[in-house]
$ cat coords-v7.cif   # mmCIF, C-alpha atoms
data_structure
#
loop_
_atom_site.label_atom_id
_atom_site.label_comp_id
_atom_site.auth_asym_id
_atom_site.auth_seq_id
_atom_site.Cartn_x
_atom_site.Cartn_y
_atom_site.Cartn_z
CA MET A 1 104.27 23.76 -20.09
CA SER A 2 102.05 24.52 -17.04
CA ASN A 3 102.89 23.03 -13.69
CA GLU A 4 99.03 22.53 -12.85
CA GLU A 5 98.27 18.94 -12.31
CA LYS A 6 95.45 17.54 -14.41
CA PRO A 7 93.15 14.90 -12.93
CA TYR A 8 93.60 11.47 -14.12
CA PRO A 9 90.79 10.08 -16.36
CA SER A 10 89.86 7.45 -13.77
CA ARG A 11 89.25 10.13 -11.15
CA LEU A 12 87.04 12.08 -13.52
CA LYS A 13 85.06 8.97 -14.30
CA LYS A 14 84.45 8.22 -10.63
CA LYS A 15 83.29 11.77 -10.01
CA LYS A 16 80.88 11.60 -12.95
CA ASN A 17 79.43 8.27 -11.75
CA ARG A 18 78.89 9.69 -8.29
CA SER A 19 77.02 12.70 -9.75
CA ASN A 20 74.81 10.37 -11.80
CA SER A 21 74.00 8.27 -8.71
CA ILE A 22 73.00 11.34 -6.75
CA LEU A 23 70.85 12.55 -9.65
CA ASN A 24 69.12 9.16 -9.95
CA ILE A 25 68.45 9.07 -6.23
CA MET A 26 66.92 12.56 -6.36
CA ILE A 27 64.79 11.58 -9.36
CA GLY A 28 63.63 8.47 -7.49
CA LEU A 29 62.78 10.53 -4.41
CA VAL A 30 60.82 13.00 -6.51
CA PHE A 31 58.91 10.18 -8.22
CA ALA A 32 58.19 8.52 -4.87
CA LEU A 33 57.02 11.85 -3.45
CA ILE A 34 54.72 12.39 -6.43
CA LEU A 35 53.35 8.86 -6.01
CA ILE A 36 52.74 9.35 -2.30
CA ILE A 37 51.00 12.67 -2.89
CA GLY A 38 48.81 11.12 -5.62
CA VAL A 39 47.77 8.18 -3.43
CA SER A 40 47.12 10.52 -0.52
CA MET A 41 44.89 12.73 -2.68
CA LEU A 42 43.04 9.70 -4.02
CA PHE A 43 42.16 8.36 -0.56
CA SER A 44 41.46 11.76 0.93
CA GLY A 45 39.15 12.74 -1.94
CA GLY A 46 36.09 11.05 -0.33
CA ASN A 47 36.83 12.66 3.02
CA ASP A 48 37.25 16.03 1.35
CA GLN A 49 33.90 15.64 -0.36
CA ALA A 50 32.31 14.67 2.92
CA GLN A 51 33.91 17.66 4.60
CA ASP A 52 32.72 19.92 1.80
CA LEU A 53 29.08 19.11 2.65
CA GLU A 54 27.40 21.91 4.52
CA PRO A 55 26.62 20.96 8.12
CA VAL A 56 22.90 20.72 8.97
CA THR A 57 21.85 23.09 11.69
CA ILE A 58 18.87 22.01 13.74
CA SER A 59 17.02 24.93 15.21
CA PRO A 60 15.23 24.58 18.54
CA GLU A 61 11.89 24.75 16.70
CA THR A 62 12.87 21.97 14.29
CA GLU A 63 14.19 19.89 17.17
CA GLU A 64 10.92 20.37 19.03
CA GLN A 65 8.88 19.34 15.96
CA THR A 66 11.08 16.29 15.45
CA SER A 67 10.74 15.36 19.09
CA GLY A 68 6.98 15.87 18.94
CA SER A 69 6.73 13.69 15.83
CA GLY A 70 8.67 10.94 17.56
CA GLU A 71 6.39 11.16 20.58
CA SER A 72 3.32 11.00 18.32
CA GLU A 73 4.63 7.95 16.53
CA SER A 74 5.48 6.35 19.84
CA ALA A 75 2.04 7.19 21.18
CA GLY A 76 0.42 5.76 18.06
CA THR A 77 2.43 2.58 18.47
CA GLU A 78 1.40 2.30 22.09
CA GLU A 79 -2.28 2.76 21.19
CA GLU A 80 -2.38 -0.30 18.96
CA PRO A 81 -2.52 -2.77 21.86
CA ASP A 82 -5.29 -0.61 23.36
CA GLU A 83 -7.30 -0.87 20.12
CA ASP A 84 -6.80 -4.61 20.05
CA ALA A 85 -7.93 -4.78 23.66
CA GLU A 86 -11.02 -2.72 22.84
CA VAL A 87 -11.90 -5.05 19.96
CA ALA A 88 -11.39 -8.06 22.22
CA ASP A 89 -13.60 -6.47 24.89
CA GLU A 90 -16.32 -5.73 22.33
CA GLU A 91 -16.22 -9.28 21.01
CA LYS A 92 -16.36 -10.61 24.56
CA ALA A 93 -19.32 -8.35 25.34
CA VAL A 94 -21.17 -9.52 22.20
CA ALA A 95 -20.49 -13.15 23.08
CA GLU A 96 -21.68 -12.64 26.65
CA LYS A 97 -24.83 -10.90 25.42
CA ALA A 98 -25.53 -13.75 22.99
CA GLU A 99 -25.07 -16.29 25.78
CA GLU A 100 -27.37 -14.28 28.03
CA GLU A 101 -30.06 -14.05 25.35
CA LYS A 102 -29.74 -17.76 24.68
CA ALA A 103 -30.12 -18.54 28.38
CA GLN A 104 -33.16 -16.27 28.60
CA LYS A 105 -34.69 -17.92 25.53
CA GLU A 106 -34.11 -21.39 26.95
CA ALA A 107 -35.57 -20.36 30.29
CA LYS A 108 -38.62 -18.90 28.57
CA LYS A 109 -38.99 -22.02 26.46
CA ALA A 110 -38.78 -24.24 29.54
CA GLU A 111 -41.42 -22.14 31.22
CA GLU A 112 -43.72 -22.26 28.22
CA GLU A 113 -43.32 -26.00 27.83
CA LYS A 114 -45.77 -26.53 30.63
CA GLU A 115 -48.95 -27.99 29.13
CA GLY A 116 -51.57 -25.35 28.52
CA SER A 117 -49.40 -22.40 29.65
CA VAL A 118 -51.60 -19.32 29.71
CA THR A 119 -51.03 -16.37 27.34
CA LYS A 120 -52.98 -13.23 26.81
CA GLY A 121 -56.32 -14.35 25.33
CA GLY A 122 -55.37 -18.04 25.08
CA THR A 123 -52.92 -20.85 25.77
CA ILE A 124 -49.78 -22.25 24.17
CA THR A 125 -49.52 -25.98 23.73
CA ARG A 126 -46.23 -27.67 22.84
CA GLU A 127 -46.36 -31.22 21.64
CA ASP A 128 -43.71 -33.74 20.62
CA SER A 129 -44.00 -34.91 17.03
CA SER A 130 -43.57 -38.30 15.42
CA ASP A 131 -42.06 -36.53 12.42
CA PRO A 132 -38.25 -37.01 12.70
CA ILE A 133 -37.51 -33.54 11.31
CA VAL A 134 -39.87 -31.78 13.77
CA GLU A 135 -38.54 -30.79 17.18
CA GLU A 136 -41.97 -29.84 18.50
CA THR A 137 -45.38 -28.59 17.38
CA VAL A 138 -46.76 -25.37 18.83
CA ILE A 139 -50.41 -24.36 18.96
CA ASN A 140 -51.24 -20.91 20.28
CA THR A 141 -54.95 -20.28 20.73
CA SER A 142 -54.32 -16.52 20.97
CA TRP A 143 -53.29 -16.31 17.31
CA GLU A 144 -55.63 -14.13 15.28
CA PRO A 145 -56.03 -13.30 11.57
CA VAL A 146 -53.45 -10.75 10.42
CA GLY A 147 -55.93 -8.67 8.42
CA THR A 148 -56.40 -8.24 4.68
CA LYS A 149 -56.85 -5.64 1.98
CA GLN A 150 -58.42 -8.13 -0.41
CA LYS A 151 -62.05 -7.67 -1.39
CA GLY A 152 -64.69 -10.11 -2.64
CA ASP A 153 -64.39 -13.86 -2.81
CA HIS A 154 -60.96 -14.98 -1.75
CA VAL A 155 -58.78 -17.13 -3.99
CA SER A 156 -55.49 -18.39 -2.56
CA VAL A 157 -52.59 -17.21 -4.72
CA TYR A 158 -49.07 -18.69 -4.68
CA GLN A 159 -47.43 -16.11 -6.92
CA LYS A 160 -44.53 -14.40 -5.12
CA ASP A 161 -45.11 -10.75 -4.14
CA SER A 162 -48.82 -10.92 -4.91
CA ALA A 163 -51.15 -9.39 -2.31
CA ASP A 164 -52.24 -12.83 -1.07
CA TRP A 165 -48.60 -14.09 -0.94
CA ASN A 166 -47.48 -11.06 1.08
CA GLU A 167 -50.34 -11.54 3.56
CA LYS A 168 -49.30 -15.19 4.00
CA VAL A 169 -45.74 -14.03 4.77
CA LYS A 170 -47.16 -11.54 7.27
CA ALA A 171 -49.01 -14.36 9.05
CA VAL A 172 -45.82 -16.45 9.17
CA ALA A 173 -43.81 -13.57 10.67
CA TYR A 174 -46.57 -13.08 13.24
CA ALA A 175 -46.54 -16.74 14.30
CA THR A 176 -42.75 -17.28 14.35
CA GLY A 177 -41.73 -13.92 15.76
CA LEU A 178 -39.26 -13.44 12.90
CA ASP A 179 -39.05 -10.14 11.06
CA ALA A 180 -40.22 -10.54 7.47
CA ASN A 181 -36.90 -8.99 6.36
CA ASN A 182 -34.93 -11.46 8.45
CA MET A 183 -36.22 -14.72 7.04
CA TYR A 184 -36.05 -16.81 3.89
CA VAL A 185 -39.34 -18.11 2.56
CA MET A 186 -38.41 -21.58 1.33
CA MET A 187 -41.89 -22.52 0.08
CA ILE A 188 -45.56 -21.69 0.47
CA LYS A 189 -47.93 -24.38 -0.77
CA ASN A 190 -51.51 -25.56 -0.54
CA GLY A 191 -52.32 -26.89 2.93
CA GLY A 192 -54.96 -29.44 1.91
CA GLY A 193 -57.80 -27.12 0.96
CA PRO A 194 -58.58 -23.99 -1.13
CA GLN A 195 -58.32 -21.77 1.95
CA LYS A 196 -55.43 -23.51 3.68
CA SER A 197 -51.69 -22.99 3.19
CA ILE A 198 -48.39 -24.20 4.62
CA ALA A 199 -45.26 -22.04 4.64
CA THR A 200 -41.71 -23.25 5.36
CA VAL A 201 -39.22 -20.57 6.41
CA GLN A 202 -35.91 -20.09 8.20
CA SER A 203 -34.10 -17.14 9.74
CA LYS A 204 -31.33 -15.61 7.65
CA ASP A 205 -28.69 -16.83 10.09
CA GLU A 206 -30.23 -20.33 9.61
CA SER A 207 -30.55 -20.85 13.36
CA GLU A 208 -34.37 -21.03 13.33
CA LYS A 209 -36.55 -23.11 11.00
CA TYR A 210 -40.35 -23.26 11.00
CA ARG A 211 -43.29 -24.73 9.11
CA VAL A 212 -46.47 -22.73 9.66
CA HIS A 213 -49.99 -24.01 8.93
CA MET A 214 -52.57 -21.28 8.31
CA GLU A 215 -56.20 -20.88 7.32
CA TRP A 216 -58.09 -18.08 5.60
CA VAL A 217 -60.77 -16.23 7.57
CA ASP A 218 -63.15 -14.31 5.31
CA GLY A 219 -62.78 -10.57 5.65
CA GLU A 220 -60.02 -10.94 8.28
CA GLY A 221 -57.10 -12.57 6.45
CA TRP A 222 -54.74 -15.48 7.12
CA LYS A 223 -54.62 -16.96 10.62
CA PRO A 224 -51.83 -19.26 11.88
CA VAL A 225 -53.26 -22.43 13.43
CA LYS A 226 -50.18 -24.59 14.03
CA MET A 227 -46.42 -24.20 13.86
CA ASP A 228 -43.74 -26.90 13.60
CA VAL A 229 -40.33 -26.06 15.00
CA LEU A 230 -38.01 -27.86 12.57
CA LYS A 231 -34.66 -29.56 13.15
CA THR A 232 -33.77 -29.43 9.46
CA LEU A 233 -35.23 -28.26 6.14
CA GLU A 234 -34.52 -31.58 4.45
CA GLY A 235 -37.88 -33.16 3.66
CA ALA A 236 -39.73 -30.21 5.20
CA TYR A 237 -41.45 -29.12 1.98
#
$ encode --input "coords-v7.cif" --output "structure tokens"
Amino acid sequence: MSNEEKPYPSRLKKKKNRSNSILNIMIGLVFALILIIGVSMLFSGGNDQAQDLEPVTISPETEEQTSGSGESESAGTEEEPDEDAEVADEEKAVAEKAEEEKAQKEAKKAEEEKEGSVTKGGTITREDSSDPIVEETVINTSWEPVGTKQKGDHVSVYQKDSADWNEKVKAVAYATGLDANNMYVMMIKNGGGPQKSIATVQSKDESEKYRVHMEWVDGEGWKPVKMDVLKTLEGAY
């Protein structure tokens, strides 16, 4: 029989339990380490991708172009108020010119309102009218026939764009001072005789309205004899 002492079973059991505890702790540490590394990689993945992007290098030329573009855009933005100011100035100038022309027209009208004011070759007479739609009636003794291309005996024609119709329109433009292309011919009708006509017209901006009485002069064409300055076209024809 050997004199070597053998460990008691209880001591062996305690030693085995201690080894198991250490092993479990190490396994837990390894698992925790793996978990920490995994979480760290997960959250650092986005940063890594961002870091993997190649940095953009701006050359002096590119920087100058970018700066120039910014200055151009800024300049363009600053020009807008100037454009608005220019438009406002133009509108103001147009309005002032219109007011000036209106004042000149009124002054001229006031001057011509004098009874029997003299014109080249005749006089202009302005008379009040009893007709409620007529502002005044004008008679200008200097009016002359507008000429004609018609031959032979004259027959008044009221068909639009006929030779006689166009010569009537010419006489109306002559009397009113309106351009034939800047007026609406509302009506041309018989003026009480075979060689008399009455035309009612207005300017295209509708600011001027007239009724012109005219007579035919053989070989010389239509001659205005009287003109009504109208307040309205209602009941004028």
$ closest_residue --input "coords-v7.cif" --among "A:Lys226, A:Lys189, A:Lys204, A:His213" --to "A:Arg126" --atoms "all atoms listed in the file"
A:Lys226
$ residues_around --input "coords-v7.cif" --residues "A:Ser207" --least-positions-apart "4" --cutoff "12 Å" --atoms "only C-alpha atoms" --output "list in words"
Lys102, Leu178, Asn182, Met183, Tyr184, Val201, Gln202, Ser203, Val229, Leu230, Lys231, Thr232 and Leu233 of chain A
$ axis_aligned_box --input "coords-v7.cif" --around "stretch 157-165 of chain A" --padding-each-side "4 Å" --output "JSON"
{"center_x": -48.6, "center_y": -14.0, "center_z": -3.9, "size_x": 16.1, "size_y": 17.3, "size_z": 14.0}
$ closest_residue --input "coords-v7.cif" --among "A:Ala173, A:Glu234, A:Ser156, A:Lys223" --to "A:Asn190" --atoms "all atoms listed in the file"
A:Ser156
$ residues_around --input "coords-v7.cif" --residues "A:Val155" --least-positions-apart "3" --cutoff "12 Å" --atoms "only C-alpha atoms" --output "list in words"
Gln150, Lys151, Gly152, Tyr158, Gln159, Ser162, Ala163, Asp164, Trp165, Asn190, Gly193, Pro194, Gln195, Lys196, Ser197, Trp216, Val217, Asp218, Gly221 and Trp222 of chain A
$ atom_distance --input "coords-v7.cif" --atom1 "atom CA of A:Thr148" --atom2 "atom CA of A:Glu167"
7.0 Å
$ atom_distance --input "coords-v7.cif" --atom1 "atom CA of A:Met214" --atom2 "atom CA of A:Gly235"
19.5 Å
$ closest_residue --input "coords-v7.cif" --among "A:Leu35, A:Ala85, A:Leu23, A:Ala171" --to "A:Glu220" --atoms "all atoms listed in the file"
A:Ala171
$ atom_distance --input "coords-v7.cif" --atom1 "atom CA of A:Val169" --atom2 "atom CA of A:Ile124"
21.5 Å
$ closest_residue --input "coords-v7.cif" --among "A:Ser142, A:Asn20, A:Ser129, A:Thr176" --to "A:Arg211" --atoms "only C-alpha atoms"
A:Thr176
$ closest_residue --input "coords-v7.cif" --among "A:Asp161, A:Glu215, A:Tyr237, A:Thr123" --to "A:Ile188" --atoms "only C-alpha atoms"
A:Tyr237
